[in-house]
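Raw contents of final23.txt, compact mmCIF, N, CA, C and O atoms:
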```
# COMPACT_ATOMS: atom_id res chain seq x y z
N MET B 75 14.85 -2.44 -0.36
CA MET B 75 13.95 -2.61 0.76
C MET B 75 13.57 -4.09 0.86
O MET B 75 13.24 -4.72 -0.13
N VAL B 76 13.63 -4.65 2.04
CA VAL B 76 13.24 -6.03 2.30
C VAL B 76 11.72 -6.09 2.41
O VAL B 76 11.09 -5.13 2.85
N ARG B 77 11.13 -7.21 2.02
CA ARG B 77 9.67 -7.36 2.12
C ARG B 77 9.27 -7.18 3.59
O ARG B 77 9.70 -7.93 4.45
N PRO B 78 8.44 -6.19 3.89
CA PRO B 78 8.11 -5.90 5.28
C PRO B 78 7.00 -6.78 5.84
O PRO B 78 6.17 -7.31 5.10
N VAL B 79 6.98 -6.88 7.16
CA VAL B 79 5.81 -7.38 7.87
C VAL B 79 4.86 -6.20 7.92
O VAL B 79 5.26 -5.09 8.26
N VAL B 80 3.59 -6.42 7.56
CA VAL B 80 2.62 -5.33 7.52
C VAL B 80 1.60 -5.53 8.64
O VAL B 80 1.00 -6.60 8.74
N ILE B 81 1.44 -4.51 9.47
CA ILE B 81 0.53 -4.59 10.61
C ILE B 81 -0.80 -3.93 10.24
O ILE B 81 -0.83 -2.79 9.75
N TRP B 82 -1.88 -4.66 10.51
CA TRP B 82 -3.23 -4.16 10.28
C TRP B 82 -4.00 -4.12 11.60
O TRP B 82 -3.88 -5.04 12.42
N ASP B 83 -4.80 -3.08 11.78
CA ASP B 83 -5.71 -3.02 12.92
C ASP B 83 -6.88 -3.96 12.65
O ASP B 83 -7.09 -4.42 11.52
N LEU B 84 -7.65 -4.24 13.70
CA LEU B 84 -8.82 -5.09 13.55
C LEU B 84 -9.85 -4.42 12.64
O LEU B 84 -9.97 -3.19 12.62
N ALA B 85 -10.59 -5.24 11.90
CA ALA B 85 -11.56 -4.72 10.94
C ALA B 85 -12.65 -3.88 11.60
O ALA B 85 -13.21 -2.98 10.96
N ASP B 86 -12.93 -4.12 12.86
CA ASP B 86 -14.00 -3.37 13.53
C ASP B 86 -13.48 -2.18 14.34
O ASP B 86 -14.25 -1.52 15.04
N ASP B 87 -12.19 -1.86 14.24
CA ASP B 87 -11.62 -0.72 14.94
C ASP B 87 -11.99 0.55 14.15
O ASP B 87 -11.52 0.75 13.03
N PRO B 88 -12.85 1.41 14.72
CA PRO B 88 -13.32 2.58 13.96
C PRO B 88 -12.22 3.57 13.60
O PRO B 88 -12.37 4.36 12.67
N ASP B 89 -11.10 3.53 14.30
CA ASP B 89 -9.98 4.42 14.00
C ASP B 89 -8.82 3.69 13.33
O ASP B 89 -7.73 4.25 13.19
N GLY B 90 -9.04 2.45 12.91
CA GLY B 90 -7.96 1.61 12.41
C GLY B 90 -7.67 1.78 10.93
O GLY B 90 -8.46 2.33 10.16
N ASN B 91 -6.49 1.27 10.57
CA ASN B 91 -6.07 1.37 9.17
C ASN B 91 -6.86 0.45 8.25
O ASN B 91 -7.05 0.75 7.08
N TYR B 92 -7.36 -0.69 8.78
CA TYR B 92 -8.16 -1.59 7.93
C TYR B 92 -9.41 -0.87 7.44
O TYR B 92 -9.71 -0.84 6.25
N LEU B 93 -10.15 -0.29 8.36
CA LEU B 93 -11.39 0.40 8.00
C LEU B 93 -11.09 1.55 7.03
O LEU B 93 -11.77 1.71 6.02
N HIS B 94 -10.06 2.31 7.32
CA HIS B 94 -9.74 3.45 6.48
C HIS B 94 -9.30 3.03 5.07
O HIS B 94 -9.80 3.56 4.07
N ILE B 95 -8.38 2.09 4.99
CA ILE B 95 -7.80 1.71 3.69
C ILE B 95 -8.72 0.78 2.91
O ILE B 95 -9.02 1.03 1.73
N VAL B 96 -9.15 -0.31 3.54
CA VAL B 96 -9.92 -1.33 2.82
C VAL B 96 -11.36 -0.89 2.58
O VAL B 96 -11.87 -0.98 1.46
N VAL B 97 -12.02 -0.41 3.63
CA VAL B 97 -13.44 -0.07 3.51
C VAL B 97 -13.64 1.30 2.84
O VAL B 97 -14.38 1.42 1.88
N GLU B 98 -12.94 2.32 3.36
CA GLU B 98 -13.16 3.67 2.84
C GLU B 98 -12.51 3.92 1.48
O GLU B 98 -13.09 4.57 0.62
N HIS B 99 -11.30 3.39 1.27
CA HIS B 99 -10.59 3.64 0.01
C HIS B 99 -10.73 2.49 -0.99
O HIS B 99 -10.33 2.64 -2.14
N GLY B 100 -11.23 1.34 -0.57
CA GLY B 100 -11.42 0.23 -1.49
C GLY B 100 -10.14 -0.43 -1.96
O GLY B 100 -10.09 -1.03 -3.03
N VAL B 101 -9.07 -0.32 -1.17
CA VAL B 101 -7.78 -0.94 -1.49
C VAL B 101 -7.63 -2.17 -0.60
O VAL B 101 -7.73 -2.07 0.62
N SER B 102 -7.39 -3.32 -1.20
CA SER B 102 -7.30 -4.56 -0.42
C SER B 102 -5.94 -4.69 0.29
O SER B 102 -4.96 -4.05 -0.10
N GLN B 103 -5.91 -5.53 1.30
CA GLN B 103 -4.66 -5.82 1.99
C GLN B 103 -3.65 -6.43 1.03
O GLN B 103 -2.45 -6.12 1.11
N ASP B 104 -4.10 -7.28 0.12
CA ASP B 104 -3.20 -7.89 -0.87
C ASP B 104 -2.58 -6.82 -1.77
O ASP B 104 -1.41 -6.92 -2.15
N GLU B 105 -3.36 -5.80 -2.13
CA GLU B 105 -2.83 -4.75 -2.98
C GLU B 105 -1.74 -3.95 -2.25
O GLU B 105 -0.72 -3.59 -2.84
N VAL B 106 -1.97 -3.68 -0.96
CA VAL B 106 -0.93 -3.00 -0.17
C VAL B 106 0.32 -3.88 -0.13
O VAL B 106 1.44 -3.40 -0.31
N ASP B 107 0.14 -5.18 0.08
CA ASP B 107 1.27 -6.11 0.09
C ASP B 107 2.01 -6.12 -1.24
O ASP B 107 3.24 -6.20 -1.28
N ASP B 108 1.26 -6.05 -2.36
CA ASP B 108 1.88 -6.01 -3.69
C ASP B 108 2.83 -4.83 -3.80
O ASP B 108 3.96 -4.96 -4.27
N VAL B 109 2.36 -3.66 -3.38
CA VAL B 109 3.17 -2.44 -3.49
C VAL B 109 4.36 -2.49 -2.54
O VAL B 109 5.50 -2.23 -2.92
N MET B 110 4.10 -2.84 -1.29
CA MET B 110 5.16 -2.81 -0.28
C MET B 110 6.16 -3.96 -0.45
O MET B 110 7.29 -3.87 0.00
N GLY B 111 5.74 -5.03 -1.10
CA GLY B 111 6.60 -6.19 -1.26
C GLY B 111 7.55 -6.13 -2.44
O GLY B 111 8.39 -7.00 -2.61
N ASP B 112 7.43 -5.10 -3.28
CA ASP B 112 8.30 -4.99 -4.45
C ASP B 112 9.41 -3.98 -4.14
O ASP B 112 9.18 -2.78 -4.07
N PRO B 113 10.63 -4.47 -3.94
CA PRO B 113 11.74 -3.58 -3.56
C PRO B 113 12.13 -2.57 -4.63
O PRO B 113 12.88 -1.64 -4.34
N THR B 114 11.63 -2.74 -5.85
CA THR B 114 11.96 -1.78 -6.90
C THR B 114 11.03 -0.57 -6.90
O THR B 114 11.29 0.39 -7.62
N ASN B 115 9.96 -0.61 -6.11
CA ASN B 115 9.02 0.51 -6.07
C ASN B 115 9.67 1.71 -5.38
O ASN B 115 10.32 1.56 -4.35
N PRO B 116 9.46 2.91 -5.93
CA PRO B 116 10.06 4.10 -5.34
C PRO B 116 9.39 4.50 -4.02
O PRO B 116 8.17 4.45 -3.91
N THR B 117 10.20 4.87 -3.06
CA THR B 117 9.72 5.38 -1.78
C THR B 117 10.34 6.76 -1.58
O THR B 117 11.53 6.94 -1.77
N THR B 118 9.51 7.70 -1.19
CA THR B 118 9.96 9.06 -0.92
C THR B 118 9.21 9.56 0.31
O THR B 118 8.56 8.78 0.99
N GLU B 119 9.30 10.85 0.57
CA GLU B 119 8.60 11.43 1.72
C GLU B 119 7.33 12.11 1.25
O GLU B 119 7.35 12.87 0.28
N SER B 120 6.22 11.84 1.93
CA SER B 120 4.95 12.48 1.60
C SER B 120 5.05 13.98 1.84
O SER B 120 5.51 14.42 2.89
N ASP B 121 4.60 14.76 0.87
CA ASP B 121 4.60 16.22 1.01
C ASP B 121 3.69 16.68 2.14
O ASP B 121 3.98 17.64 2.83
N SER B 122 2.57 15.97 2.33
CA SER B 122 1.59 16.43 3.31
C SER B 122 1.87 15.96 4.74
O SER B 122 1.64 16.70 5.69
N SER B 123 2.37 14.74 4.89
CA SER B 123 2.53 14.20 6.25
C SER B 123 3.99 14.03 6.67
O SER B 123 4.27 13.87 7.86
N GLY B 124 4.90 13.99 5.71
CA GLY B 124 6.30 13.73 6.03
C GLY B 124 6.60 12.26 6.24
O GLY B 124 7.75 11.89 6.47
N ARG B 125 5.58 11.41 6.14
CA ARG B 125 5.79 9.96 6.30
C ARG B 125 6.30 9.37 4.99
O ARG B 125 6.13 9.97 3.92
N PRO B 126 6.87 8.16 5.06
CA PRO B 126 7.27 7.50 3.81
C PRO B 126 6.04 7.18 2.95
O PRO B 126 4.98 6.83 3.48
N ILE B 127 6.21 7.33 1.64
CA ILE B 127 5.17 6.98 0.69
C ILE B 127 5.81 6.14 -0.41
O ILE B 127 6.86 6.50 -0.95
N THR B 128 5.20 5.01 -0.68
CA THR B 128 5.70 4.08 -1.69
C THR B 128 4.67 3.98 -2.80
O THR B 128 3.47 3.83 -2.53
N PHE B 129 5.14 4.06 -4.05
CA PHE B 129 4.27 3.97 -5.21
C PHE B 129 4.54 2.65 -5.93
O PHE B 129 5.69 2.23 -6.03
N GLY B 130 3.47 2.04 -6.46
CA GLY B 130 3.69 0.83 -7.23
C GLY B 130 2.42 0.21 -7.78
O GLY B 130 1.31 0.58 -7.40
N TRP B 131 2.65 -0.75 -8.66
CA TRP B 131 1.56 -1.48 -9.31
C TRP B 131 1.13 -2.66 -8.44
O TRP B 131 1.96 -3.28 -7.78
N THR B 132 -0.14 -2.96 -8.52
CA THR B 132 -0.67 -4.15 -7.85
C THR B 132 -0.87 -5.25 -8.89
O THR B 132 -0.87 -4.99 -10.10
N GLU B 133 -1.07 -6.45 -8.42
CA GLU B 133 -1.36 -7.56 -9.33
C GLU B 133 -2.71 -7.38 -10.02
O GLU B 133 -2.97 -8.01 -11.03
N THR B 134 -3.55 -6.51 -9.47
CA THR B 134 -4.86 -6.24 -10.07
C THR B 134 -4.79 -5.14 -11.12
O THR B 134 -5.81 -4.76 -11.69
N GLY B 135 -3.59 -4.57 -11.34
CA GLY B 135 -3.41 -3.56 -12.38
C GLY B 135 -3.61 -2.13 -11.93
O GLY B 135 -3.68 -1.24 -12.77
N HIS B 136 -3.69 -1.90 -10.63
CA HIS B 136 -3.86 -0.54 -10.10
C HIS B 136 -2.49 0.03 -9.71
O HIS B 136 -1.65 -0.69 -9.20
N TYR B 137 -2.33 1.32 -9.93
CA TYR B 137 -1.14 2.02 -9.47
C TYR B 137 -1.52 2.75 -8.20
O TYR B 137 -2.44 3.58 -8.19
N LEU B 138 -0.87 2.40 -7.09
CA LEU B 138 -1.24 2.93 -5.79
C LEU B 138 -0.12 3.73 -5.14
O LEU B 138 1.06 3.52 -5.42
N ALA B 139 -0.54 4.60 -4.23
CA ALA B 139 0.35 5.26 -3.28
C ALA B 139 0.02 4.67 -1.92
O ALA B 139 -1.16 4.60 -1.54
N VAL B 140 1.03 4.22 -1.18
CA VAL B 140 0.84 3.69 0.17
C VAL B 140 1.68 4.54 1.12
O VAL B 140 2.90 4.60 0.99
N ILE B 141 1.02 5.22 2.03
CA ILE B 141 1.71 6.00 3.06
C ILE B 141 1.76 5.13 4.30
O ILE B 141 0.75 4.53 4.70
N TRP B 142 2.94 5.07 4.92
CA TRP B 142 3.14 4.13 6.02
C TRP B 142 4.07 4.70 7.07
O TRP B 142 4.73 5.72 6.85
N GLU B 143 4.08 4.03 8.21
CA GLU B 143 5.04 4.40 9.25
C GLU B 143 5.83 3.18 9.65
O GLU B 143 5.31 2.05 9.64
N SER B 144 7.09 3.39 9.97
CA SER B 144 7.97 2.30 10.38
C SER B 144 7.66 1.93 11.83
O SER B 144 7.53 2.81 12.69
N VAL B 145 7.56 0.62 12.09
CA VAL B 145 7.29 0.13 13.44
C VAL B 145 8.56 -0.49 14.03
O VAL B 145 8.86 -0.31 15.20
N SER B 146 9.29 -1.24 13.19
CA SER B 146 10.49 -1.92 13.66
C SER B 146 11.45 -2.15 12.49
O SER B 146 11.01 -2.34 11.35
N ASP B 147 12.74 -2.16 12.80
CA ASP B 147 13.74 -2.45 11.77
C ASP B 147 14.10 -3.93 11.70
O ASP B 147 14.60 -4.39 10.69
N ASP B 148 13.86 -4.67 12.78
CA ASP B 148 14.26 -6.08 12.83
C ASP B 148 13.22 -6.92 13.55
O ASP B 148 13.21 -6.92 14.78
N PRO B 149 12.34 -7.59 12.82
CA PRO B 149 12.23 -7.57 11.35
C PRO B 149 11.60 -6.26 10.88
O PRO B 149 10.87 -5.60 11.64
N PHE B 150 11.87 -5.92 9.62
CA PHE B 150 11.33 -4.70 9.04
C PHE B 150 9.81 -4.80 9.08
O PHE B 150 9.21 -5.66 8.45
N THR B 151 9.19 -3.91 9.86
CA THR B 151 7.74 -3.95 10.09
C THR B 151 7.19 -2.55 9.86
O THR B 151 7.75 -1.57 10.34
N ILE B 152 6.07 -2.49 9.12
CA ILE B 152 5.43 -1.21 8.84
C ILE B 152 3.95 -1.28 9.16
O ILE B 152 3.36 -2.36 9.22
N LYS B 153 3.35 -0.10 9.33
CA LYS B 153 1.91 0.00 9.48
C LYS B 153 1.42 1.00 8.43
O LYS B 153 1.79 2.17 8.47
N PRO B 154 0.60 0.53 7.48
CA PRO B 154 0.06 1.46 6.49
C PRO B 154 -0.87 2.46 7.16
O PRO B 154 -1.66 2.09 8.03
N VAL B 155 -0.76 3.72 6.76
CA VAL B 155 -1.61 4.77 7.29
C VAL B 155 -2.77 5.03 6.34
O VAL B 155 -3.91 5.18 6.75
N THR B 156 -2.45 5.07 5.04
CA THR B 156 -3.48 5.21 4.02
C THR B 156 -2.94 4.65 2.71
O THR B 156 -1.72 4.46 2.56
N ALA B 157 -3.83 4.38 1.79
CA ALA B 157 -3.45 3.91 0.45
C ALA B 157 -4.57 4.31 -0.50
O ALA B 157 -5.75 4.28 -0.13
N TYR B 158 -4.17 4.68 -1.71
CA TYR B 158 -5.17 5.16 -2.67
C TYR B 158 -4.61 5.05 -4.08
O TYR B 158 -3.39 4.98 -4.28
N ASP B 159 -5.52 5.08 -5.07
CA ASP B 159 -5.11 5.09 -6.47
C ASP B 159 -4.35 6.38 -6.74
O ASP B 159 -4.71 7.45 -6.24
N ALA B 160 -3.29 6.24 -7.50
CA ALA B 160 -2.46 7.39 -7.86
C ALA B 160 -2.25 7.38 -9.37
O ALA B 160 -2.33 6.33 -10.00
N PRO B 161 -1.98 8.54 -9.95
CA PRO B 161 -1.69 8.55 -11.39
C PRO B 161 -0.38 7.83 -11.66
O PRO B 161 0.59 8.02 -10.94
N PRO B 162 -0.36 6.97 -12.68
CA PRO B 162 0.90 6.28 -13.03
C PRO B 162 1.96 7.28 -13.46
O PRO B 162 1.64 8.39 -13.88
N PRO B 163 3.22 6.87 -13.35
CA PRO B 163 4.30 7.76 -13.79
C PRO B 163 4.13 8.14 -15.25
O PRO B 163 3.68 7.33 -16.06
N ALA B 164 4.46 9.37 -15.59
CA ALA B 164 4.34 9.85 -16.96
C ALA B 164 5.16 8.99 -17.91
O ALA B 164 6.28 8.59 -17.59
N GLY B 165 4.57 8.69 -19.04
CA GLY B 165 5.28 7.93 -20.06
C GLY B 165 5.30 6.43 -19.82
O GLY B 165 5.93 5.70 -20.57
N ARG B 166 4.62 5.97 -18.78
CA ARG B 166 4.58 4.52 -18.52
C ARG B 166 3.15 4.03 -18.67
O ARG B 166 2.25 4.53 -18.01
N PRO B 167 2.92 3.08 -19.56
CA PRO B 167 1.56 2.58 -19.76
C PRO B 167 1.08 1.81 -18.53
O PRO B 167 1.88 1.29 -17.76
N ALA B 168 -0.21 1.76 -18.38
CA ALA B 168 -0.80 0.98 -17.28
C ALA B 168 -0.43 -0.48 -17.43
O ALA B 168 -0.37 -1.01 -18.54
N ARG B 169 -0.15 -1.11 -16.32
CA ARG B 169 0.21 -2.52 -16.31
C ARG B 169 -1.06 -3.35 -16.26
O ARG B 169 -1.98 -3.03 -15.52
N LYS B 170 -1.09 -4.39 -17.05
CA LYS B 170 -2.27 -5.26 -17.05
C LYS B 170 -2.23 -6.19 -15.86
O LYS B 170 -1.17 -6.60 -15.40
N SER B 171 -3.40 -6.55 -15.41
CA SER B 171 -3.54 -7.44 -14.26
C SER B 171 -3.04 -8.83 -14.60
O SER B 171 -3.31 -9.36 -15.67
N ASN B 172 -2.30 -9.44 -13.67
CA ASN B 172 -1.84 -10.81 -13.82
C ASN B 172 -2.79 -11.81 -13.20
O ASN B 172 -2.77 -12.98 -13.51
N LYS B 173 -3.61 -11.33 -12.27
CA LYS B 173 -4.58 -12.20 -11.64
C LYS B 173 -5.76 -11.37 -11.21
O LYS B 173 -5.69 -10.17 -11.09
N ARG B 174 -6.85 -12.03 -10.97
CA ARG B 174 -8.06 -11.32 -10.59
C ARG B 174 -8.21 -11.34 -9.09
O ARG B 174 -8.12 -12.37 -8.46
N LYS B 175 -8.44 -10.19 -8.53
CA LYS B 175 -8.70 -10.07 -7.09
C LYS B 175 -9.93 -9.20 -6.93
O LYS B 175 -10.10 -8.22 -7.64
N LYS B 176 -10.77 -9.58 -6.03
CA LYS B 176 -11.94 -8.78 -5.74
C LYS B 176 -11.52 -7.51 -5.02
O LYS B 176 -10.77 -7.56 -4.09
N ARG B 177 -11.98 -6.42 -5.46
CA ARG B 177 -11.64 -5.14 -4.88
C ARG B 177 -12.72 -4.62 -4.02
O ARG B 177 -13.85 -4.60 -4.16
```

Spell out the structure here as structure tokens.
Amino acid sequence: MVRPVVIWDLADDPDGNYLHIVVEHGVSQDEVDDVMGDPTNPTTESDSSGRPITFGWTETGHYLAVIWESVSDDPFTIKPVTAYDAPPPAGRPARKSNKRKKR
């Protein structure tokens, strides 16, 4: 997967992904970028929505699930729908943070 362009709604949009992900779930835009920007992170289909879901570690040491929808293939552009802490894969220790980010 190529590093995608990530589309965010305005912070004051009551129905937007920024309010839902950043404010309600406490996941920063940088953390979503960390997960979506690593081509080695596994992507599968969400059981509940059927949308793509990508799992991965953030630079802050959190393991997240990011559910997203494809907007464009050229350039590869996505819009996150939701993101939240997820249990790390079995048998894999938690990754330590490489840098500090305010959550």

Can you list, as a compact mmCIF listing (two decimals) with N, CA, C and O atoms, in the frame of the given file, every protein, DNA or RNA residue that comes within 6 Å of Pro78 (chain B) when you count only C-alpha atoms, leaving out same-chain residues fewer than 2 positions away?
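Saved the output as part.txt:
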```txt
# COMPACT_ATOMS: atom_id res chain seq x y z
N VAL B 76 13.63 -4.65 2.04
CA VAL B 76 13.24 -6.03 2.30
C VAL B 76 11.72 -6.09 2.41
O VAL B 76 11.09 -5.13 2.85
N VAL B 80 3.59 -6.42 7.56
CA VAL B 80 2.62 -5.33 7.52
C VAL B 80 1.60 -5.53 8.64
O VAL B 80 1.00 -6.60 8.74
N PHE B 150 11.87 -5.92 9.62
CA PHE B 150 11.33 -4.70 9.04
C PHE B 150 9.81 -4.80 9.08
O PHE B 150 9.21 -5.66 8.45
N THR B 151 9.19 -3.91 9.86
CA THR B 151 7.74 -3.95 10.09
C THR B 151 7.19 -2.55 9.86
O THR B 151 7.75 -1.57 10.34
```

For region 140-147 of chain B, please output as a ChimeraX atom specification all residues within 8 Å (counting all atoms listed in the file; exclusion window: fewer than 4 positions along the same chain).
/B:78-79,81,106,109-110,116-118,120,124-130,151-160

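Take CA of Gly111 (chain B) and atom C of Arg77 (chain B): the distance between them is 5.6 Å.
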
Please return as a VMD selection string: the residues of region 87-154 of chain B that backbone DSSP assigns to strand (DSSP E).
chain B and resid 117 to 119 126 to 131 137 to 147 150 to 154

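For the pair atom C of Thr134 (chain B) and atom C of Asp104 (chain B), the separation is 9.8 Å.
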